[in-house]
$ cat query-v2.csv   # CSV, C-alpha atoms and all ligand atoms
chain,number,residue,atom,x,y,z
T,1,MET,CA,5.3,-26.5,-36.9
T,2,THR,CA,4.2,-23.0,-36.0
T,3,ARG,CA,3.9,-21.6,-32.6
T,4,ARG,CA,1.6,-19.1,-30.9
T,5,LEU,CA,1.9,-17.8,-27.4
T,6,GLU,CA,-0.5,-16.1,-25.0
T,7,ASN,CA,1.2,-15.3,-21.9
T,8,ILE,CA,1.8,-13.6,-18.6
T,9,CYS,CA,5.4,-13.1,-17.5
T,10,LEU,CA,6.1,-11.7,-14.1
T,11,LEU,CA,9.2,-11.5,-12.0
T,12,GLY,CA,9.9,-15.2,-11.3
T,13,ILE,CA,6.6,-16.5,-12.7
T,14,CYS,CA,5.7,-17.3,-16.2
T,15,CYS,CA,2.3,-18.6,-17.2
T,16,ARG,CA,1.5,-19.3,-20.8
T,17,LYS,CA,-0.8,-20.9,-23.3
T,18,LEU,CA,1.4,-22.5,-25.9
T,19,ARG,CA,-0.2,-23.5,-29.1
T,20,LEU,CA,1.6,-25.7,-31.6
T,21,GLU,CA,0.1,-26.2,-35.1
T,22,TYR,CA,1.2,-29.5,-36.5
T,23,THR,CA,-0.1,-31.3,-39.6
T,24,ASN,CA,-3.4,-29.4,-39.5
T,25,ARG,CA,-3.9,-30.1,-35.9
T,26,ASN,CA,-3.9,-27.5,-33.1
T,27,GLU,CA,-2.3,-28.6,-29.9
T,28,GLU,CA,-2.7,-26.4,-26.9
T,29,PHE,CA,-0.7,-26.6,-23.7
T,30,TYR,CA,-0.8,-24.6,-20.5
T,31,ILE,CA,2.5,-24.0,-18.8
T,32,HIS,CA,3.3,-22.5,-15.5
T,33,LEU,CA,6.9,-21.9,-14.7
T,34,THR,CA,8.2,-20.6,-11.4
T,35,ILE,CA,11.8,-19.7,-10.7
T,36,LEU,CA,12.1,-20.4,-7.0
T,37,GLU,CA,15.5,-18.9,-6.3
T,38,LYS,CA,17.7,-16.4,-7.9
T,39,VAL,CA,20.7,-18.6,-7.5
T,40,TYR,CA,22.7,-20.6,-10.0
T,41,PRO,CA,21.9,-23.4,-10.8
T,42,ARG,CA,18.3,-22.2,-10.7
T,43,LYS,CA,15.5,-24.0,-9.0
T,44,VAL,CA,12.6,-24.1,-11.5
T,45,SER,CA,9.2,-25.6,-11.0
T,46,LEU,CA,7.4,-26.6,-14.2
T,47,LYS,CA,3.6,-27.2,-13.9
T,48,GLY,CA,0.9,-27.3,-16.4
T,49,CYS,CA,-2.1,-29.1,-17.8
T,50,GLN,CA,-2.5,-32.8,-17.8
T,51,LYS,CA,-1.8,-32.9,-21.6
T,52,LEU,CA,1.6,-31.2,-21.1
T,53,TYR,CA,2.5,-33.8,-18.5
T,54,GLU,CA,1.4,-36.6,-20.8
T,55,VAL,CA,3.6,-35.4,-23.7
T,56,LEU,CA,6.7,-34.5,-21.6
T,57,LYS,CA,6.5,-37.5,-19.2
T,58,PRO,CA,9.3,-39.6,-20.9
T,59,VAL,CA,11.7,-36.7,-20.9
T,60,LEU,CA,10.5,-34.7,-17.9
T,61,ASP,CA,13.5,-35.2,-15.5
T,62,GLU,CA,16.0,-34.5,-18.3
T,63,LEU,CA,14.2,-31.3,-19.3
T,64,LYS,CA,14.0,-30.1,-15.7
T,65,GLN,CA,17.8,-30.6,-15.4
T,66,HIS,CA,18.3,-28.4,-18.5
T,67,LEU,CA,16.0,-25.7,-17.2
T,68,HIS,CA,18.0,-25.4,-14.0
T,69,HIS,CA,21.0,-24.2,-16.0
T,70,MET,CA,19.3,-21.6,-18.1
T,71,ASP,CA,19.3,-17.9,-17.4
T,72,THR,CA,16.1,-16.4,-18.6
T,73,ILE,CA,12.4,-17.4,-18.8
T,74,GLY,CA,12.7,-16.8,-22.5
T,75,GLU,CA,15.4,-19.5,-22.9
T,76,MET,CA,13.4,-21.9,-20.7
T,77,LEU,CA,10.3,-21.5,-22.8
T,78,TYR,CA,12.2,-22.0,-26.0
T,79,GLU,CA,13.6,-25.2,-24.6
T,80,ILE,CA,10.2,-26.4,-23.5
T,81,GLN,CA,8.7,-25.7,-27.0
T,82,ASN,CA,11.5,-27.6,-28.7
T,83,VAL,CA,11.1,-30.6,-26.5
T,84,LEU,CA,7.3,-30.5,-26.9
T,85,GLU,CA,7.7,-30.5,-30.7
T,86,GLN,CA,10.2,-33.3,-30.6
T,87,GLN,CA,7.9,-35.4,-28.5
T,88,ILE,CA,4.9,-34.8,-30.7
T,89,ARG,CA,6.9,-35.8,-33.7
T,90,VAL,CA,8.1,-39.0,-32.0
T,91,ARG,CA,4.4,-39.9,-31.2
T,92,GLY,CA,3.5,-39.5,-34.8
T,93,PRO,CA,0.6,-37.5,-36.2
T,94,ASN,CA,-2.1,-40.1,-35.7
T,95,GLN,CA,-1.6,-40.8,-32.1
T,96,PRO,CA,-4.0,-38.6,-30.1
T,97,ILE,CA,-2.8,-37.0,-26.9
T,98,GLU,CA,-4.8,-37.9,-23.8
T,99,GLY,CA,-6.0,-35.1,-21.6
T,100,HIS,CA,-8.0,-32.1,-22.6
T,101,ALA,CA,-7.4,-28.4,-22.4
T,102,GLU,CA,-9.6,-27.9,-19.3
T,103,TYR,CA,-8.0,-24.4,-18.8
T,104,LYS,CA,-9.0,-23.2,-22.2
T,105,TYR,CA,-12.0,-21.3,-21.1
T,106,PHE,CA,-10.2,-19.8,-18.1
T,107,PHE,CA,-7.4,-18.6,-20.3
T,108,GLU,CA,-9.8,-17.1,-22.8
T,109,GLN,CA,-11.4,-15.2,-19.9
T,110,LEU,CA,-8.1,-13.8,-18.8
T,111,HIS,CA,-7.2,-12.8,-22.3
T,112,GLU,CA,-10.5,-10.9,-22.4
T,113,CYS,CA,-9.5,-9.0,-19.2
T,114,GLY,CA,-6.1,-8.2,-20.7
T,115,TRP,CA,-2.8,-9.9,-19.7
T,116,ASP,CA,-1.5,-6.6,-18.3
T,117,LYS,CA,-4.2,-6.9,-15.6
T,118,VAL,CA,-3.0,-10.4,-14.5
T,119,HIS,CA,-0.8,-9.9,-11.5
T,120,PHE,CA,-0.4,-13.6,-10.4
T,121,ILE,CA,-1.6,-17.1,-11.4
T,122,SER,CA,-1.1,-20.1,-9.2
T,123,PRO,CA,0.6,-23.2,-10.8
T,124,ASN,CA,-2.6,-25.2,-10.8
T,125,PHE,CA,-4.4,-22.3,-12.6
T,126,GLN,CA,-7.0,-22.1,-9.9
T,127,GLU,CA,-6.0,-18.8,-8.3
T,128,VAL,CA,-5.6,-15.6,-10.2
T,129,HIS,CA,-5.0,-12.0,-9.0
T,130,LEU,CA,-6.2,-9.2,-11.3
T,131,LYS,CA,-4.8,-5.7,-10.8
T,132,ALA,CA,-6.7,-2.5,-11.3
T,133,VAL,CA,-5.3,1.0,-11.0
T,134,ASP,CA,-7.6,3.8,-9.9
T,135,ASN,CA,-7.5,7.4,-11.1
T,136,SER,CA,-5.1,8.3,-8.3
T,137,ASP,CA,-2.7,5.6,-9.5
T,138,ARG,CA,-3.4,3.4,-6.5
T,139,GLU,CA,-3.1,-0.3,-7.2
T,140,HIS,CA,-5.9,-2.7,-6.1
T,141,ILE,CA,-5.9,-6.5,-6.3
T,142,LEU,CA,-9.0,-8.7,-6.9
T,143,LYS,CA,-8.1,-12.3,-5.9
T,144,ILE,CA,-10.1,-14.9,-7.6
T,145,TRP,CA,-10.4,-18.7,-7.0
T,146,ILE,CA,-11.8,-20.9,-9.7
T,147,SER,CA,-13.5,-24.2,-8.8
T,148,ASP,CA,-13.8,-27.2,-11.1
T,149,LYS,CA,-17.4,-26.1,-11.8
T,150,PHE,CA,-16.3,-22.8,-13.3
T,151,PRO,CA,-18.0,-21.0,-15.2
T,152,ASN,CA,-21.3,-22.6,-14.2
T,153,GLU,CA,-20.4,-21.8,-10.6
T,154,GLY,CA,-19.1,-18.4,-9.9
T,155,PRO,CA,-15.5,-18.0,-8.6
T,156,LYS,CA,-14.7,-17.1,-5.0
T,157,TYR,CA,-13.1,-13.7,-4.6
T,158,GLU,CA,-11.5,-11.3,-2.1
T,159,CYS,CA,-10.4,-7.7,-2.2
T,160,GLU,CA,-9.6,-4.9,0.1
T,161,LEU,CA,-12.5,-2.4,0.0
T,162,PRO,CA,-13.9,-0.4,3.0
T,163,GLN,CA,-17.2,-2.1,2.3
T,164,GLU,CA,-17.8,-5.7,1.4
T,165,PHE,CA,-17.7,-6.4,-2.4
T,166,HIS,CA,-20.6,-8.5,-3.6
T,167,TYR,CA,-20.8,-9.8,-7.1
T,168,ARG,CA,-23.7,-12.0,-8.2
T,169,TRP,CA,-22.4,-14.5,-10.8
T,170,LEU,CA,-25.1,-15.1,-13.5
T,171,PRO,CA,-25.2,-17.9,-16.1
T,172,GLY,CA,-22.9,-17.0,-19.0
T,173,ASP,CA,-21.1,-14.4,-16.8
T,174,THR,CA,-17.4,-13.6,-17.4
T,175,LEU,CA,-14.4,-12.6,-15.4
T,176,LEU,CA,-14.3,-9.4,-17.4
T,177,ASN,CA,-17.8,-8.4,-16.2
T,178,MET,CA,-16.7,-9.1,-12.6
T,179,PHE,CA,-13.5,-7.1,-13.0
T,180,THR,CA,-15.4,-4.2,-14.6
T,181,VAL,CA,-17.7,-4.0,-11.6
T,182,PHE,CA,-14.7,-4.2,-9.3
T,183,GLN,CA,-13.2,-1.2,-11.2
T,184,GLU,CA,-16.4,0.8,-10.9
T,185,THR,CA,-16.5,0.1,-7.2
T,186,LEU,CA,-12.9,1.5,-6.9
T,187,THR,CA,-14.1,4.8,-8.5
T,188,MET,CA,-16.9,5.0,-5.9
T,189,HIS,CA,-14.4,4.8,-3.1
T,190,ALA,CA,-11.8,7.1,-4.6
T,191,GLU,CA,-12.7,10.0,-2.3
T,192,PHE,CA,-12.5,7.8,0.8
T,193,TRP,CA,-8.9,6.7,-0.1
T,194,ASN,CA,-7.9,10.3,-0.9
T,195,ILE,CA,-8.9,11.3,2.6
T,196,MET,CA,-7.1,8.2,4.2
T,197,ASP,CA,-4.0,8.8,2.1
T,198,GLU,CA,-3.8,12.5,3.2
T,199,LEU,CA,-4.0,11.4,6.9
T,200,ASP,CA,-1.4,8.6,6.3
T,201,LYS,CA,1.0,11.0,4.6
T,202,ASN,CA,0.7,14.0,6.9
T,203,THR,CA,0.2,12.6,10.4
T,204,TRP,CA,1.6,9.9,12.7
T,205,ILE,CA,-0.6,6.9,12.4
T,206,LEU,CA,-0.2,4.8,15.6
T,207,GLU,CA,-2.7,2.3,14.5
T,208,PRO,CA,-3.2,0.2,12.4
T,209,GLU,CA,0.5,-0.4,12.0
T,210,ALA,CA,0.2,-1.0,8.3
T,211,PRO,CA,-3.2,0.3,7.2
T,212,SER,CA,-4.9,-1.6,4.4
T,213,ARG,CA,-7.3,-0.3,1.8
T,214,LYS,CA,-10.2,-1.6,3.8
T,215,ASP,CA,-9.3,0.0,7.1
T,216,CYS,CA,-11.7,2.9,8.1
T,217,LYS,CA,-10.0,3.5,11.4
T,218,ARG,CA,-6.9,5.5,12.2
T,219,ARG,CA,-5.4,6.4,15.5
T,220,ILE,CA,-3.5,9.6,15.1
T,221,ALA,CA,-0.8,11.0,17.4
T,222,LEU,CA,-1.7,14.5,18.8
T,223,ALA,CA,1.0,14.9,21.5
T,224,SER,CA,3.1,12.7,23.7
T,225,GLY,CA,0.6,10.2,25.2
T,226,VAL,CA,-2.4,11.7,23.5
T,227,SER,CA,-4.0,10.4,20.4
T,228,LEU,CA,-7.2,10.6,18.4
T,229,LEU,CA,-9.0,7.5,17.2
T,230,LEU,CA,-11.0,8.3,14.0
T,231,VAL,CA,-13.6,6.2,12.3
T,232,ILE,CA,-14.4,7.4,8.8
T,233,ASN,CA,-17.7,6.5,7.2
T,234,PRO,CA,-16.7,5.1,3.7
T,235,LEU,CA,-20.1,6.0,2.3
T,236,MET,CA,-19.8,9.7,3.4
T,237,PRO,CA,-16.1,10.1,3.8
T,238,THR,CA,-16.2,13.9,4.1
T,239,SER,CA,-18.8,14.0,6.8
T,240,VAL,CA,-17.8,14.3,10.5
T,241,PRO,CA,-16.0,11.1,11.6
T,242,THR,CA,-16.5,9.3,14.9
T,243,CYS,CA,-13.8,10.6,17.2
T,244,HIS,CA,-12.4,9.1,20.5
T,245,TYR,CA,-9.7,11.0,22.4
T,246,LEU,CA,-7.2,8.9,24.2
T,247,GLY,CA,-4.8,10.2,26.9
T,248,PRO,CA,-4.8,12.0,30.3
T,249,GLU,CA,-8.3,13.3,31.0
T,250,ARG,CA,-7.1,16.8,31.9
T,251,ILE,CA,-5.7,17.1,28.3
T,252,VAL,CA,-8.4,15.3,26.3
T,253,GLU,CA,-11.4,16.8,28.0
T,254,PRO,CA,-10.6,20.4,26.7
T,255,MET,CA,-10.2,18.9,23.2
T,256,ARG,CA,-13.6,17.2,23.4
T,257,THR,CA,-15.2,20.4,24.5
T,258,LYS,CA,-13.5,22.4,21.8
T,259,PHE,CA,-14.6,19.9,19.2
T,260,ASN,CA,-18.2,20.0,20.3
T,261,LYS,CA,-18.2,23.8,20.4
T,262,ASN,CA,-16.7,24.2,16.9
T,263,ILE,CA,-18.4,21.3,15.1
T,264,HIS,CA,-20.6,23.8,13.2
T,265,MET,CA,-17.4,24.8,11.3
T,266,TRP,CA,-17.1,21.4,9.7
T,267,SER,CA,-17.1,21.8,5.9
T,268,GLU,CA,-17.7,18.9,3.5
T,269,PHE,CA,-15.7,20.8,0.9
T,270,GLU,CA,-12.5,20.5,3.0
T,271,SER,CA,-10.6,17.4,3.8
T,272,VAL,CA,-11.0,15.6,7.1
T,273,LEU,CA,-7.5,16.6,8.2
T,274,THR,CA,-8.0,20.3,7.4
T,275,ASN,CA,-11.4,20.2,9.2
T,276,LEU,CA,-10.0,18.5,12.3
T,277,GLN,CA,-7.1,20.9,12.6
T,278,GLN,CA,-9.3,23.9,12.2
T,279,ILE,CA,-11.9,22.7,14.7
T,280,LEU,CA,-9.4,21.5,17.4
T,281,GLU,CA,-7.3,24.6,16.7
T,282,ILE,CA,-4.1,22.6,16.7
T,283,GLU,CA,-1.6,21.4,14.0
T,284,PHE,CA,-1.2,17.6,14.0
T,285,PRO,CA,2.4,16.4,14.5
T,286,SER,CA,3.7,15.5,11.0
T,287,PRO,CA,6.4,13.1,9.9
T,288,SER,CA,8.2,16.0,8.3
T,289,THR,CA,8.6,17.8,11.6
T,290,SER,CA,8.8,15.1,14.3
T,291,VAL,CA,9.8,11.5,15.0
T,292,LYS,CA,7.3,8.8,15.9
T,293,GLU,CA,9.0,7.8,19.1
T,294,GLU,CA,7.8,11.1,20.7
T,295,PHE,CA,4.2,9.8,20.6
T,296,CYS,CA,4.9,6.3,21.8
T,297,MET,CA,1.8,5.0,23.7
T,298,GLU,CA,3.1,1.6,24.9
T,299,CYS,CA,2.2,0.5,28.4
T,300,GLY,CA,4.9,1.4,30.9
T,301,ILE,CA,4.6,-2.0,32.6
T,302,CYS,CA,4.3,-4.7,29.9
T,303,TYR,CA,5.9,-2.5,27.1
T,304,SER,CA,3.4,-3.4,24.5
T,305,TYR,CA,0.5,-1.5,23.0
T,306,LEU,CA,-2.2,-4.2,22.8
T,307,LEU,CA,-2.9,-6.5,25.7
T,308,GLY,CA,-5.4,-8.8,24.1
T,309,GLU,CA,-7.9,-6.3,22.9
T,310,ALA,CA,-7.1,-3.7,25.5
T,311,ILE,CA,-5.1,-0.5,24.8
T,312,PRO,CA,-3.2,1.5,27.5
T,313,GLU,CA,-6.2,3.6,28.7
T,314,MET,CA,-4.8,4.7,32.1
T,315,THR,CA,-2.3,7.5,32.3
T,316,CYS,CA,-0.2,8.9,35.1
T,317,ASP,CA,-1.6,12.4,36.0
T,318,ASN,CA,1.8,14.0,36.5
T,319,PRO,CA,2.2,16.3,33.5
T,320,ASP,CA,5.9,15.7,33.3
T,321,CYS,CA,5.3,11.9,33.3
T,322,ASN,CA,2.1,11.1,31.3
T,323,GLN,CA,3.1,7.4,31.2
T,324,PRO,CA,0.3,5.2,29.9
T,325,PHE,CA,-0.6,1.8,31.3
T,326,HIS,CA,-3.1,-1.0,30.7
T,327,HIS,CA,-5.8,-1.1,33.3
T,328,ALA,CA,-4.9,-4.8,34.0
T,329,CYS,CA,-1.2,-4.1,34.2
T,330,LEU,CA,-1.5,-1.1,36.5
T,331,TYR,CA,-3.9,-3.0,38.8
T,332,GLU,CA,-1.5,-6.0,39.1
T,333,TYR,CA,1.4,-3.6,39.8
T,334,ILE,CA,-0.3,-1.5,42.5
T,335,ARG,CA,-1.8,-4.7,44.1
T,336,MET,CA,1.8,-6.0,44.7
T,337,LEU,CA,3.1,-2.8,46.2
T,338,PRO,CA,4.0,-3.3,49.9
T,339,ASP,CA,2.2,-0.1,50.9
T,340,VAL,CA,-0.9,-0.5,48.8
T,341,ARG,CA,-4.1,0.9,50.2
T,342,SER,CA,-7.6,0.2,49.2
T,343,SER,CA,-10.9,2.1,49.6
T,344,PHE,CA,-14.2,1.0,48.2
T,345,ASN,CA,-13.4,-0.3,44.7
T,346,LYS,CA,-10.1,1.6,44.3
T,347,LEU,CA,-6.5,0.7,44.9
T,348,PHE,CA,-4.0,3.5,45.8
T,349,GLY,CA,-0.2,3.4,45.1
T,350,GLN,CA,2.5,5.2,43.2
T,351,CYS,CA,3.5,5.5,39.5
T,352,PRO,CA,6.4,3.2,38.8
T,353,TYR,CA,8.1,6.0,36.8
T,354,CYS,CA,7.7,9.2,38.8
T,355,SER,CA,6.4,7.9,42.2
T,356,GLN,CA,3.5,10.3,42.1
T,357,PRO,CA,0.3,9.0,43.8
T,358,LEU,CA,-1.9,6.9,41.5
T,359,TRP,CA,-5.1,4.9,41.7
T,360,CYS,CA,-7.0,2.4,39.7
T,361,THR,CA,-10.3,0.6,40.1
T,362,ILE,CA,-10.2,-3.0,41.3
T,363,LEU,CA,-10.8,-5.4,38.5
T,401,ZN,ZN,0.5,-3.4,29.9
T,402,ZN,ZN,4.2,8.9,36.5

$ encode --input "query-v2.csv" --output "structure tokens"
Amino acid sequence: MTRRLENICLLGICCRKLRLEYTNRNEEFYIHLTILEKVYPRKVSLKGCQKLYEVLKPVLDELKQHLHHMDTIGEMLYEIQNVLEQQIRVRGPNQPIEGHAEYKYFFEQLHECGWDKVHFISPNFQEVHLKAVDNSDREHILKIWISDKFPNEGPKYECELPQEFHYRWLPGDTLLNMFTVFQETLTMHAEFWNIMDELDKNTWILEPEAPSRKDCKRRIALASGVSLLLVINPLMPTSVPTCHYLGPERIVEPMRTKFNKNIHMWSEFESVLTNLQQILEIEFPSPSTSVKEEFCMECGICYSYLLGEAIPEMTCDNPDCNQPFHHACLYEYIRMLPDVRSSFNKLFGQCPYCSQPLWCTIL
């Protein structure tokens, strides 16, 4: 018997097509091994095609026990191959094996894409993640789900791009075609990600907490209690982004004015970060020179940043305090003060931190 292997081996996962040639017959099996824990004895899950199950059925429990005491995926595969050969011999050359290689086409398609691109395959061979690396060495994953009607019906897919990824699956189409279009789309967005990466590396990003490759928004710390919410256009990433300034009005109002006055200085040949710093005439706080806690913007009453969808948009006007609050939290707080006063649609009270007079509109 001779053996041929096509495979993917990842840390803890091994997915292979195992082909045994036996008395002029080709037998193909699809194997998916997962090592569940890195402890000894190992917990190993062995899945595969119907045909694999059919041949191994009489010895499956015994085989699994053996696998649990092996160290490497290589040893496990060797054991599975031996047992498979043994079982085929026992069945004799004339006894056909029930079950067909329904994964054959799928495996051929992955082979065409290149096994080095395969990042993950699920044990039922219906979900696969393909990995592409763009020309700035960023890794991007295209998740694909295959239905029983594949390839007549196109797969479902998901990926993290700043714009939705649409792929029209045509009759006779292949995963390689789809993956190639995905890679071309990555090249198209390279400049957008360069800009985002520069912001992420050189400024304090308050939001989102862990930016993904599809996020076009960044809230950047400018000073204690002051931040800038940027929305970058992924189609024209070097053009002027949408800017919202958050913080005490007496601080953000001059920034807005300066931005509008200097906007003519915006150059599409410079990065967004360089442009913003030049136009606002400030240097943004950077992780190399400051700590994030200095720019904390949590509400001083509920101690969280997001309250539903709301951010802490009210701020104490005392320059030494600058404490931010959610409108709803501040309203509840002032409303409960024993000496609260109201006039028209406003409530008057004191800041819970510095006792300076403070007001908010009635909700
Ligand atoms: Zn709050
Ligand atoms: Zn205060």

$ residues_around --input "query-v2.csv" --residues "region 172-188 of chain T" --least-positions-apart "2" --cutoff "10 Å" --atoms "all atoms listed in the file" --output "PyMOL selection string"
chain T and resi 106+108-114+117+130-136+138-142+144+151-155+157+159+161+163+165-170+190-193+234-235

$ residues_near_point --input "query-v2.csv" --point "(10.8, -16.8, -17.8)" --cutoff "10 Å" --atoms "only C-alpha atoms" --output "PDB file with C-alpha atoms, in the coordinates of the input"
ATOM      1  CA  ILE T   8       1.800 -13.600 -18.600  1.00  0.00           C
ATOM      2  CA  CYS T   9       5.400 -13.100 -17.500  1.00  0.00           C
ATOM      3  CA  LEU T  10       6.100 -11.700 -14.100  1.00  0.00           C
ATOM      4  CA  LEU T  11       9.200 -11.500 -12.000  1.00  0.00           C
ATOM      5  CA  GLY T  12       9.900 -15.200 -11.300  1.00  0.00           C
ATOM      6  CA  ILE T  13       6.600 -16.500 -12.700  1.00  0.00           C
ATOM      7  CA  CYS T  14       5.700 -17.300 -16.200  1.00  0.00           C
ATOM      8  CA  CYS T  15       2.300 -18.600 -17.200  1.00  0.00           C
ATOM      9  CA  HIS T  32       3.300 -22.500 -15.500  1.00  0.00           C
ATOM     10  CA  LEU T  33       6.900 -21.900 -14.700  1.00  0.00           C
ATOM     11  CA  THR T  34       8.200 -20.600 -11.400  1.00  0.00           C
ATOM     12  CA  ILE T  35      11.800 -19.700 -10.700  1.00  0.00           C
ATOM     13  CA  VAL T  44      12.600 -24.100 -11.500  1.00  0.00           C
ATOM     14  CA  MET T  70      19.300 -21.600 -18.100  1.00  0.00           C
ATOM     15  CA  ASP T  71      19.300 -17.900 -17.400  1.00  0.00           C
ATOM     16  CA  THR T  72      16.100 -16.400 -18.600  1.00  0.00           C
ATOM     17  CA  ILE T  73      12.400 -17.400 -18.800  1.00  0.00           C
ATOM     18  CA  GLY T  74      12.700 -16.800 -22.500  1.00  0.00           C
ATOM     19  CA  GLU T  75      15.400 -19.500 -22.900  1.00  0.00           C
ATOM     20  CA  MET T  76      13.400 -21.900 -20.700  1.00  0.00           C
ATOM     21  CA  LEU T  77      10.300 -21.500 -22.800  1.00  0.00           C
ATOM     22  CA  TYR T  78      12.200 -22.000 -26.000  1.00  0.00           C
TER      23      TYR T  78
END

$ closest_residue --input "query-v2.csv" --among "T:Ser304, T:Leu199, T:Cys243, T:Asn260" --to "Pro285 (chain T)" --atoms "only C-alpha atoms"
T:Leu199

$ closest_residue --input "query-v2.csv" --among "T:Lys51, T:Arg250, T:Arg91, T:His327" --to "ligand ZN 401 (chain T)" --atoms "only C-alpha atoms and all ligand atoms"
T:His327

$ residues_near_ligand --input "query-v2.csv" --ligand "ligand ZN 402 (chain T)" --cutoff "12 Å" --atoms "all atoms listed in the file" --output "list in words"
Gly225, Pro248, Cys299, Gly300, Ile301, Met314, Thr315, Cys316, Asp317, Asn318, Pro319, Asp320, Cys321, Asn322, Gln323, Pro324, Phe325, Leu330, Gly349, Gln350, Cys351, Pro352, Tyr353, Cys354, Ser355, Gln356, Pro357, Leu358 and Trp359 of chain T

$ closest_residue --input "query-v2.csv" --among "T:Leu60, T:Ile311, T:Val252, T:Leu20" --to "ligand ZN 401 (chain T)" --atoms "all atoms listed in the file"
T:Ile311
